[in-house]
Amino acid sequence: MKRSWYASPYALWMLLFAVVPLLFVCWYAFTTPQGAFTLSNFQEFTKPRYLGVILRSLKHALYCTVLCLILGYPTAYFLAGRGFNHTQSLVVLILLPMWMNLLLRTYAMMSLLDDNGVLNAALQAIGLGKVKVIGTEGAVVMGLVYNYLPFMVLPIYTVLKKMDYSVIEAAEDLGCNPFRVITRVVIPMSLPGIVSGITMVFMPAVTSFAISTLLSNGKIRLAGDLIDYIFNQSSNPTRWNIGSSFSLIMLVLILISIGFLRKVDPDSEGGGMW
Amino acid sequence: MKKLAIVLLVALLAAALPVACLAEADKPFAGAEIKVYNWEDYIDREVLKIFEEETGCHVNYVTFSQNEDMYTKLSTGAESYDVVIPSEYMIERLIKEDLVEELNLDNIPNMANVVDNLLDPIYDPGNAHSIPYMWGTLGIVYNTEMVEDPVTSWNALLDEKYAGEIFMMDSMRDTVAIGLIMNGYSVNSDSEEELEAAREWLLAQKDSNVLGGYILDQAKDMMAGNEAAMAVMYSGDALYAIEKNDALAYVIPDEGSNIWVDGMCVPKSAKNKEAAECFINFMCRPDIAQMNMDYIYYSSPIKQVVEQLDEEELASIAMNPTDEMVARCEYYVDISTFDNAWLYDDVWMDVLM
């Protein structure tokens with residue numbers, strides 16, 4: 001038996017649950033409910049509200065990615081450092097939230113940030129007033145960061161861990177100050193990890209749903225929420241067709257961003273997951 | 001002596017066993033299973049156990065949070081249900097689209113317990129397809145300690161004093177209805193102009209800073225926990241919140257509102273229609289209706305339960321609105337066949353997205 005045969009169960013799985021559904025999406029996107037070819041499903045998206053939703057999704061995903069990078073890079077750098085002995089346990093701590101379902105994490109976040117939640121109780125206990133978090137843009141971004149931060153830390157950590165430490169020593173021997181060591185040596189060498197991290201955070205964030213609705217009390221809805229609404233609640237008879245065409249638009253946006261990032265990291269060194 | 005006791009005990013058990021088995025087989029629907037599809041938080045689950053014990057029929061209980069979700073599940077036919085409990089306008093649509101069975105009313109003798117004014121409704125003449133389960137109104141719950149003046153009008157939902165503390169419902173019909181009422185139109189409008197006016201009202205409210213959000217089941221807990229000043233709610237949820245927090249009050253605004261009935265139907269996809277009808281009959285039994293009402297706080301249409309209402313319940317606007325209040329309210333009709341039905345969706349998407 002050829003070795004490639006071992007992958008056939010997975011290939012079948014992919015065929016049934018990824019390729020065939022994708023074909024369905026394409027079919028619905030370009031047809032009317034009666035099955036005739038049409039492009040009118042895409043015309044629907046010239047209405048201003050859809051552009052608004054896409055821009056809002058991109059904006060929130062961008063904020064989330066930038067925050068994840070700012071928080072995640074130093075963390076990964078610290079974890080990959082030579083002088084640190086408890087790496088394994090800390091990596092587990094970072095992974096720990098990912099073992100739990102995304103919705104559960106979001107509900108937990110809701111009760112933490114609630115008007116009468118843990119955060120506000122603590123603020124009041126030390127004599128500070130309440131802050132309103134749930135229902136604001138900040139809450140949505142926080143929710144996204146909370147959910148996707150591990151996807152930023154891990155690829156950067158992997159790349160930094162593999163980095164040859166003697167390179168840094170060489171830079172120091174040649175007179176680089178610590179700041180220049182980081183900007184001229186460490187960051188350029190960890191670029192593949194950064195690219196991979198950005199991709200792995202940005203893409204799920206831009207298509208995320210439920211997190212935004214729950215943490216904004218239904219005020220801020222992103223592209224994923226829109227697709228969910230169109231398929232599940234809309235009374236429009238062409239809802240499957242319109243929903244499919246919007247899903248395709250999102251898919252194309254994601255493919256473009258992958259293509260763009262491939263240019264920066266052609267060898268997929270940052271874990272090569274995408 | 002001890003041995004003897006054990007022998008006796010075993011003998012007794014052995015004698016009892018066939019009797020127990022017999023009783024099990026005697027149950028009318030032993031071994032059967034029905035799937036009941038109902039609103040979230042809308043039953044005392046204890047009654048399901050009683051039904052299972054009495055009939056031997058297992059109940060697979062699943063829930064939805066909006067009529068429209070239920071319709072999607074039912075109309076795609078992906079899953080089969082034996083009993084569904086949607087609202088009147090949805091029942092009207094299900095009948096039109098031939099998605100529900102005609103009931104065999106001989107199997108539902110307890111229908112005689114239903115109050116007369118909810119029988120033979122416009123949406124389902126002769127109750128051929130549905131039996132009322134609960135009824136109620138749409139209104140505003142407000143916290144009397146946070147809101148100074150008593151609320152009497154939907155206009156309170158625009159009051160800048162309570163910025164960020166005012167919550168609308170995440171439900172198309174109910175929220176668009178408020179936009180229509182505020183412009184003086186029927187909640188069942190089919191006019192493009194009128195729906196445009198509703199859109200503008202709702203978008204203006206969204207763009208002002210008064211709006212706390214569009215939520216559903218969280219609303220009652222938020223109100224009970226003093227986390228919001230005002231929320232649009234169904235009467236039963238309102239009572240639930242009031243029960244937990246004395247500072248809350250419920251009002252059916254002067255401009256009018258919606259009155260609704262949720263009815264029990266048997267979808268065409270039902271696998272066990274007789275057991276489903278037995279379940280509907282069971283739900284109309286006074287003791288069971290009482291249990292459900294005490295648990296979910298909605299108004300039961302069962303005569304014997306209505307007669308048992310105590311003074312406090314009779315005085316409650318949410319439980320027992322006056323005739324004058326009911327007269328202000330309007331039932332929803334099914335809009336799916338309207339010329340401008342799509343506009344409801346369009347307005348709602350603009351509001352949500």
# chains A, B, ... in the order shown; residues from 1 in each chain; ligands from 1
>>> closest_atom_pairs(of="chain B", to="chain A", cutoff="8 Å", atoms="only C-alpha atoms", output="tab-separated table")
residue	atom	partner	partner_atom	distance
B:Glu68	CA	A:Gln233	CA	5.4
B:Asp69	CA	A:Gln233	CA	5.6
B:Thr72	CA	A:Asn232	CA	6.5
B:Asp170	CA	A:Gly218	CA	7.4
B:Gly212	CA	A:Gly135	CA	6.9
B:Gly213	CA	A:Asn217	CA	4.9
B:Tyr214	CA	A:Gly218	CA	4.8
B:Ile215	CA	A:Asn217	CA	6.1
B:Gly225	CA	A:Asn116	CA	7.8
B:Glu227	CA	A:Asp115	CA	6.3
B:Ser336	CA	A:Ser235	CA	7.8
B:Trp342	CA	A:Asn236	CA	6.2
B:Asp345	CA	A:Ser234	CA	6.3
B:Asp350	CA	A:Arg49	CA	6.4
B:Leu352	CA	A:Lys219	CA	7.0
B:Met353	CA	A:Arg221	CA	5.7
>>> atom_distance(atom1="atom CA of Val153 of chain A", atom2="atom CA of Leu71 of chain A")
8.6 Å
>>> residues_around(residues="Phe30 of chain A", least_positions_apart="4", cutoff="8 Å", atoms="only C-alpha atoms", output="MDAnalysis selection string")
chainID A and resid 26 37:39 41 241 245
>>> select_by_dssp(residues="segment 6-138 of chain B", states="helix (DSSP H, G or I)", output="MDAnalysis selection string")
chainID B and resid 6:26 45:55 67:76 88:96 105:107 109:113 116:118 125:127
>>> select_by_dssp(residues="segment 81-236 of chain B", states="strand (DSSP E)", output="ChimeraX atom specification")
/B:83-84,131-143,166-169,211-215,230-234
>>> write_last_selection(atoms="C-alpha atoms", output="CSV table (one decimal), in the first residue's frame")
chain,number,residue,atom,x,y,z
B,83,VAL,CA,-45.1,19.5,19.0
B,84,VAL,CA,-44.1,23.1,18.3
B,131,ILE,CA,-54.4,25.1,21.0
B,132,PRO,CA,-53.5,28.2,23.0
B,133,TYR,CA,-50.6,27.6,25.5
B,134,MET,CA,-50.0,31.0,27.0
B,135,TRP,CA,-50.8,34.6,26.1
B,136,GLY,CA,-49.4,38.0,27.0
B,137,THR,CA,-48.5,41.5,25.9
B,138,LEU,CA,-45.5,43.5,24.9
B,139,GLY,CA,-44.5,46.5,27.1
B,140,ILE,CA,-41.8,48.3,29.0
B,141,VAL,CA,-40.3,47.2,32.3
B,142,TYR,CA,-38.7,50.1,34.2
B,143,ASN,CA,-37.0,50.5,37.4
B,166,ILE,CA,-32.4,51.5,27.7
B,167,PHE,CA,-32.7,48.0,26.1
B,168,MET,CA,-34.7,47.0,23.0
B,169,MET,CA,-35.5,43.4,21.9
B,211,LEU,CA,-29.6,52.7,23.4
B,212,GLY,CA,-28.0,50.0,25.7
B,213,GLY,CA,-28.5,47.3,23.1
B,214,TYR,CA,-30.7,44.7,21.5
B,215,ILE,CA,-31.1,41.7,23.7
B,230,MET,CA,-35.8,50.3,31.0
B,231,ALA,CA,-36.3,47.3,28.7
B,232,VAL,CA,-38.9,46.3,26.2
B,233,MET,CA,-40.2,42.9,27.3
B,234,TYR,CA,-43.0,40.3,27.0
>>> residues_around(residues="segment 43-50 of chain B", least_positions_apart="3", cutoff="7 Å", atoms="only C-alpha atoms", output="MDAnalysis selection string")
chainID B and resid 53:54 59 288 291:292 295:296
>>> write_last_selection(atoms="N, CA and C atoms", output="PDB file, in the first residue's frame")
ATOM      1  N   GLU B  53     -44.065   9.914  33.161  1.00  0.00           N
ATOM      2  CA  GLU B  53     -44.508   8.879  34.102  1.00  0.00           C
ATOM      3  C   GLU B  53     -45.922   8.411  33.787  1.00  0.00           C
ATOM      4  N   GLU B  54     -46.773   9.358  33.431  1.00  0.00           N
ATOM      5  CA  GLU B  54     -48.168   8.984  33.221  1.00  0.00           C
ATOM      6  C   GLU B  54     -48.397   8.226  31.928  1.00  0.00           C
ATOM      7  N   VAL B  59     -40.090  12.397  26.409  1.00  0.00           N
ATOM      8  CA  VAL B  59     -40.139  13.703  25.759  1.00  0.00           C
ATOM      9  C   VAL B  59     -38.727  14.194  25.490  1.00  0.00           C
ATOM     10  N   ILE B 288     -51.531  21.101  35.493  1.00  0.00           N
ATOM     11  CA  ILE B 288     -50.286  21.264  34.729  1.00  0.00           C
ATOM     12  C   ILE B 288     -50.141  22.724  34.280  1.00  0.00           C
ATOM     13  N   MET B 291     -48.934  24.728  37.143  1.00  0.00           N
ATOM     14  CA  MET B 291     -47.492  24.547  37.385  1.00  0.00           C
ATOM     15  C   MET B 291     -46.679  25.401  36.414  1.00  0.00           C
ATOM     16  N   ASN B 292     -47.066  25.358  35.138  1.00  0.00           N
ATOM     17  CA  ASN B 292     -46.323  26.120  34.129  1.00  0.00           C
ATOM     18  C   ASN B 292     -46.421  27.615  34.393  1.00  0.00           C
ATOM     19  N   TYR B 295     -44.362  28.787  37.163  1.00  0.00           N
ATOM     20  CA  TYR B 295     -42.931  28.701  36.884  1.00  0.00           C
ATOM     21  C   TYR B 295     -42.464  29.790  35.918  1.00  0.00           C
ATOM     22  N   ILE B 296     -43.240  30.032  34.857  1.00  0.00           N
ATOM     23  CA  ILE B 296     -42.756  30.971  33.827  1.00  0.00           C
ATOM     24  C   ILE B 296     -43.423  32.346  33.909  1.00  0.00           C
TER      25      ILE B 296
END
>>> closest_residue(among="A:Gly72, A:Pro155, A:Pro21, A:Pro33", to="Ser196 of chain A", atoms="only C-alpha atoms")
A:Pro155
>>> closest_residue(among="A:Ser166, A:Ser57, A:Asn101, A:Thr183", to="Ser208 of chain A", atoms="only C-alpha atoms")
A:Ser57
>>> atom_distance(atom1="atom CA of Trp348 of chain B", atom2="atom CA of Leu195 of chain B")
10.3 Å
>>> closest_residue(among="B:Ile34, B:Leu314, B:Ala204, B:Leu103", to="Val266 of chain B", atoms="only C-alpha atoms")
B:Leu103
>>> decode(residues="segment 42-85 of chain B", atoms="N, CA and C atoms", output="PDB file, in the first residue's frame")
ATOM      1  N   TYR B  42     -39.624  28.325  28.945  1.00  0.00           N
ATOM      2  CA  TYR B  42     -41.048  28.524  28.724  1.00  0.00           C
ATOM      3  C   TYR B  42     -41.869  27.330  29.190  1.00  0.00           C
ATOM      4  N   ILE B  43     -41.345  26.601  30.180  1.00  0.00           N
ATOM      5  CA  ILE B  43     -42.083  25.461  30.716  1.00  0.00           C
ATOM      6  C   ILE B  43     -41.484  25.132  32.080  1.00  0.00           C
ATOM      7  N   ASP B  44     -42.296  24.530  32.938  1.00  0.00           N
ATOM      8  CA  ASP B  44     -41.749  23.948  34.152  1.00  0.00           C
ATOM      9  C   ASP B  44     -41.349  22.524  33.787  1.00  0.00           C
ATOM     10  N   ARG B  45     -40.059  22.254  33.760  1.00  0.00           N
ATOM     11  CA  ARG B  45     -39.603  20.954  33.251  1.00  0.00           C
ATOM     12  C   ARG B  45     -40.156  19.780  34.051  1.00  0.00           C
ATOM     13  N   GLU B  46     -40.609  20.086  35.258  1.00  0.00           N
ATOM     14  CA  GLU B  46     -41.208  19.042  36.088  1.00  0.00           C
ATOM     15  C   GLU B  46     -42.414  18.398  35.379  1.00  0.00           C
ATOM     16  N   VAL B  47     -43.174  19.202  34.620  1.00  0.00           N
ATOM     17  CA  VAL B  47     -44.362  18.652  33.968  1.00  0.00           C
ATOM     18  C   VAL B  47     -43.981  17.609  32.914  1.00  0.00           C
ATOM     19  N   LEU B  48     -42.791  17.764  32.326  1.00  0.00           N
ATOM     20  CA  LEU B  48     -42.348  16.771  31.338  1.00  0.00           C
ATOM     21  C   LEU B  48     -42.171  15.419  32.005  1.00  0.00           C
ATOM     22  N   LYS B  49     -41.616  15.454  33.230  1.00  0.00           N
ATOM     23  CA  LYS B  49     -41.413  14.203  33.973  1.00  0.00           C
ATOM     24  C   LYS B  49     -42.763  13.570  34.296  1.00  0.00           C
ATOM     25  N   ILE B  50     -43.713  14.403  34.714  1.00  0.00           N
ATOM     26  CA  ILE B  50     -45.039  13.878  35.038  1.00  0.00           C
ATOM     27  C   ILE B  50     -45.654  13.226  33.800  1.00  0.00           C
ATOM     28  N   PHE B  51     -45.516  13.907  32.659  1.00  0.00           N
ATOM     29  CA  PHE B  51     -46.065  13.357  31.421  1.00  0.00           C
ATOM     30  C   PHE B  51     -45.417  12.010  31.098  1.00  0.00           C
ATOM     31  N   GLU B  52     -44.101  11.953  31.258  1.00  0.00           N
ATOM     32  CA  GLU B  52     -43.394  10.700  30.961  1.00  0.00           C
ATOM     33  C   GLU B  52     -43.868   9.586  31.877  1.00  0.00           C
ATOM     34  N   GLU B  53     -44.065   9.914  33.161  1.00  0.00           N
ATOM     35  CA  GLU B  53     -44.508   8.879  34.102  1.00  0.00           C
ATOM     36  C   GLU B  53     -45.922   8.411  33.787  1.00  0.00           C
ATOM     37  N   GLU B  54     -46.773   9.358  33.431  1.00  0.00           N
ATOM     38  CA  GLU B  54     -48.168   8.984  33.221  1.00  0.00           C
ATOM     39  C   GLU B  54     -48.397   8.226  31.928  1.00  0.00           C
ATOM     40  N   THR B  55     -47.660   8.601  30.895  1.00  0.00           N
ATOM     41  CA  THR B  55     -47.946   8.007  29.591  1.00  0.00           C
ATOM     42  C   THR B  55     -46.881   7.027  29.121  1.00  0.00           C
ATOM     43  N   GLY B  56     -45.721   7.052  29.771  1.00  0.00           N
ATOM     44  CA  GLY B  56     -44.628   6.187  29.321  1.00  0.00           C
ATOM     45  C   GLY B  56     -43.944   6.718  28.080  1.00  0.00           C
ATOM     46  N   CYS B  57     -44.392   7.878  27.606  1.00  0.00           N
ATOM     47  CA  CYS B  57     -43.826   8.462  26.388  1.00  0.00           C
ATOM     48  C   CYS B  57     -42.663   9.380  26.768  1.00  0.00           C
ATOM     49  N   HIS B  58     -41.508   9.120  26.166  1.00  0.00           N
ATOM     50  CA  HIS B  58     -40.345   9.957  26.468  1.00  0.00           C
ATOM     51  C   HIS B  58     -40.447  11.283  25.721  1.00  0.00           C
ATOM     52  N   VAL B  59     -40.090  12.397  26.409  1.00  0.00           N
ATOM     53  CA  VAL B  59     -40.139  13.703  25.759  1.00  0.00           C
ATOM     54  C   VAL B  59     -38.727  14.194  25.490  1.00  0.00           C
ATOM     55  N   ASN B  60     -38.457  14.433  24.216  1.00  0.00           N
ATOM     56  CA  ASN B  60     -37.184  15.031  23.821  1.00  0.00           C
ATOM     57  C   ASN B  60     -37.463  16.529  23.657  1.00  0.00           C
ATOM     58  N   TYR B  61     -36.957  17.342  24.606  1.00  0.00           N
ATOM     59  CA  TYR B  61     -37.357  18.745  24.674  1.00  0.00           C
ATOM     60  C   TYR B  61     -36.265  19.655  24.136  1.00  0.00           C
ATOM     61  N   VAL B  62     -36.575  20.451  23.118  1.00  0.00           N
ATOM     62  CA  VAL B  62     -35.596  21.379  22.544  1.00  0.00           C
ATOM     63  C   VAL B  62     -36.213  22.782  22.468  1.00  0.00           C
ATOM     64  N   THR B  63     -35.353  23.812  22.408  1.00  0.00           N
ATOM     65  CA  THR B  63     -35.892  25.172  22.494  1.00  0.00           C
ATOM     66  C   THR B  63     -35.378  26.093  21.388  1.00  0.00           C
ATOM     67  N   PHE B  64     -36.134  27.168  21.137  1.00  0.00           N
ATOM     68  CA  PHE B  64     -35.717  28.225  20.211  1.00  0.00           C
ATOM     69  C   PHE B  64     -35.889  29.569  20.914  1.00  0.00           C
ATOM     70  N   SER B  65     -35.294  30.636  20.355  1.00  0.00           N
ATOM     71  CA  SER B  65     -35.435  31.926  21.017  1.00  0.00           C
ATOM     72  C   SER B  65     -36.226  32.923  20.188  1.00  0.00           C
ATOM     73  N   GLN B  66     -36.539  32.583  18.939  1.00  0.00           N
ATOM     74  CA  GLN B  66     -37.363  33.472  18.128  1.00  0.00           C
ATOM     75  C   GLN B  66     -38.218  32.636  17.187  1.00  0.00           C
ATOM     76  N   ASN B  67     -39.413  33.126  16.883  1.00  0.00           N
ATOM     77  CA  ASN B  67     -40.287  32.450  15.929  1.00  0.00           C
ATOM     78  C   ASN B  67     -39.570  32.149  14.619  1.00  0.00           C
ATOM     79  N   GLU B  68     -38.748  33.129  14.191  1.00  0.00           N
ATOM     80  CA  GLU B  68     -38.100  33.005  12.890  1.00  0.00           C
ATOM     81  C   GLU B  68     -37.086  31.854  12.874  1.00  0.00           C
ATOM     82  N   ASP B  69     -36.401  31.651  14.013  1.00  0.00           N
ATOM     83  CA  ASP B  69     -35.471  30.518  14.109  1.00  0.00           C
ATOM     84  C   ASP B  69     -36.239  29.214  13.961  1.00  0.00           C
ATOM     85  N   MET B  70     -37.376  29.146  14.670  1.00  0.00           N
ATOM     86  CA  MET B  70     -38.202  27.956  14.633  1.00  0.00           C
ATOM     87  C   MET B  70     -38.672  27.672  13.213  1.00  0.00           C
ATOM     88  N   TYR B  71     -39.086  28.754  12.531  1.00  0.00           N
ATOM     89  CA  TYR B  71     -39.592  28.597  11.165  1.00  0.00           C
ATOM     90  C   TYR B  71     -38.509  28.031  10.254  1.00  0.00           C
ATOM     91  N   THR B  72     -37.258  28.555  10.395  1.00  0.00           N
ATOM     92  CA  THR B  72     -36.166  28.072   9.562  1.00  0.00           C
ATOM     93  C   THR B  72     -35.985  26.566   9.741  1.00  0.00           C
ATOM     94  N   LYS B  73     -35.959  26.127  11.000  1.00  0.00           N
ATOM     95  CA  LYS B  73     -35.773  24.702  11.286  1.00  0.00           C
ATOM     96  C   LYS B  73     -36.903  23.864  10.697  1.00  0.00           C
ATOM     97  N   LEU B  74     -38.128  24.363  10.858  1.00  0.00           N
ATOM     98  CA  LEU B  74     -39.290  23.596  10.440  1.00  0.00           C
ATOM     99  C   LEU B  74     -39.402  23.546   8.920  1.00  0.00           C
ATOM    100  N   SER B  75     -39.136  24.693   8.264  1.00  0.00           N
ATOM    101  CA  SER B  75     -39.391  24.758   6.833  1.00  0.00           C
ATOM    102  C   SER B  75     -38.318  24.049   6.017  1.00  0.00           C
ATOM    103  N   THR B  76     -37.088  23.968   6.534  1.00  0.00           N
ATOM    104  CA  THR B  76     -36.070  23.246   5.778  1.00  0.00           C
ATOM    105  C   THR B  76     -36.283  21.741   5.915  1.00  0.00           C
ATOM    106  N   GLY B  77     -37.087  21.354   6.905  1.00  0.00           N
ATOM    107  CA  GLY B  77     -37.432  19.937   7.041  1.00  0.00           C
ATOM    108  C   GLY B  77     -36.274  19.071   7.469  1.00  0.00           C
ATOM    109  N   ALA B  78     -35.192  19.702   7.934  1.00  0.00           N
ATOM    110  CA  ALA B  78     -34.017  18.928   8.309  1.00  0.00           C
ATOM    111  C   ALA B  78     -34.297  18.058   9.535  1.00  0.00           C
ATOM    112  N   GLU B  79     -35.186  18.546  10.405  1.00  0.00           N
ATOM    113  CA  GLU B  79     -35.475  17.772  11.607  1.00  0.00           C
ATOM    114  C   GLU B  79     -36.973  17.644  11.772  1.00  0.00           C
ATOM    115  N   SER B  80     -37.402  16.582  12.425  1.00  0.00           N
ATOM    116  CA  SER B  80     -38.835  16.428  12.641  1.00  0.00           C
ATOM    117  C   SER B  80     -39.172  16.713  14.095  1.00  0.00           C
ATOM    118  N   TYR B  81     -40.324  17.366  14.293  1.00  0.00           N
ATOM    119  CA  TYR B  81     -40.801  17.659  15.634  1.00  0.00           C
ATOM    120  C   TYR B  81     -42.237  17.166  15.754  1.00  0.00           C
ATOM    121  N   ASP B  82     -42.645  16.808  16.988  1.00  0.00           N
ATOM    122  CA  ASP B  82     -44.024  16.358  17.175  1.00  0.00           C
ATOM    123  C   ASP B  82     -44.922  17.468  17.697  1.00  0.00           C
ATOM    124  N   VAL B  83     -44.364  18.352  18.513  1.00  0.00           N
ATOM    125  CA  VAL B  83     -45.139  19.503  18.994  1.00  0.00           C
ATOM    126  C   VAL B  83     -44.261  20.748  18.869  1.00  0.00           C
ATOM    127  N   VAL B  84     -44.803  21.835  18.292  1.00  0.00           N
ATOM    128  CA  VAL B  84     -44.102  23.126  18.295  1.00  0.00           C
ATOM    129  C   VAL B  84     -45.042  24.162  18.902  1.00  0.00           C
ATOM    130  N   ILE B  85     -44.442  25.197  19.530  1.00  0.00           N
ATOM    131  CA  ILE B  85     -45.280  26.194  20.220  1.00  0.00           C
ATOM    132  C   ILE B  85     -44.932  27.611  19.771  1.00  0.00           C
TER     133      ILE B  85
END
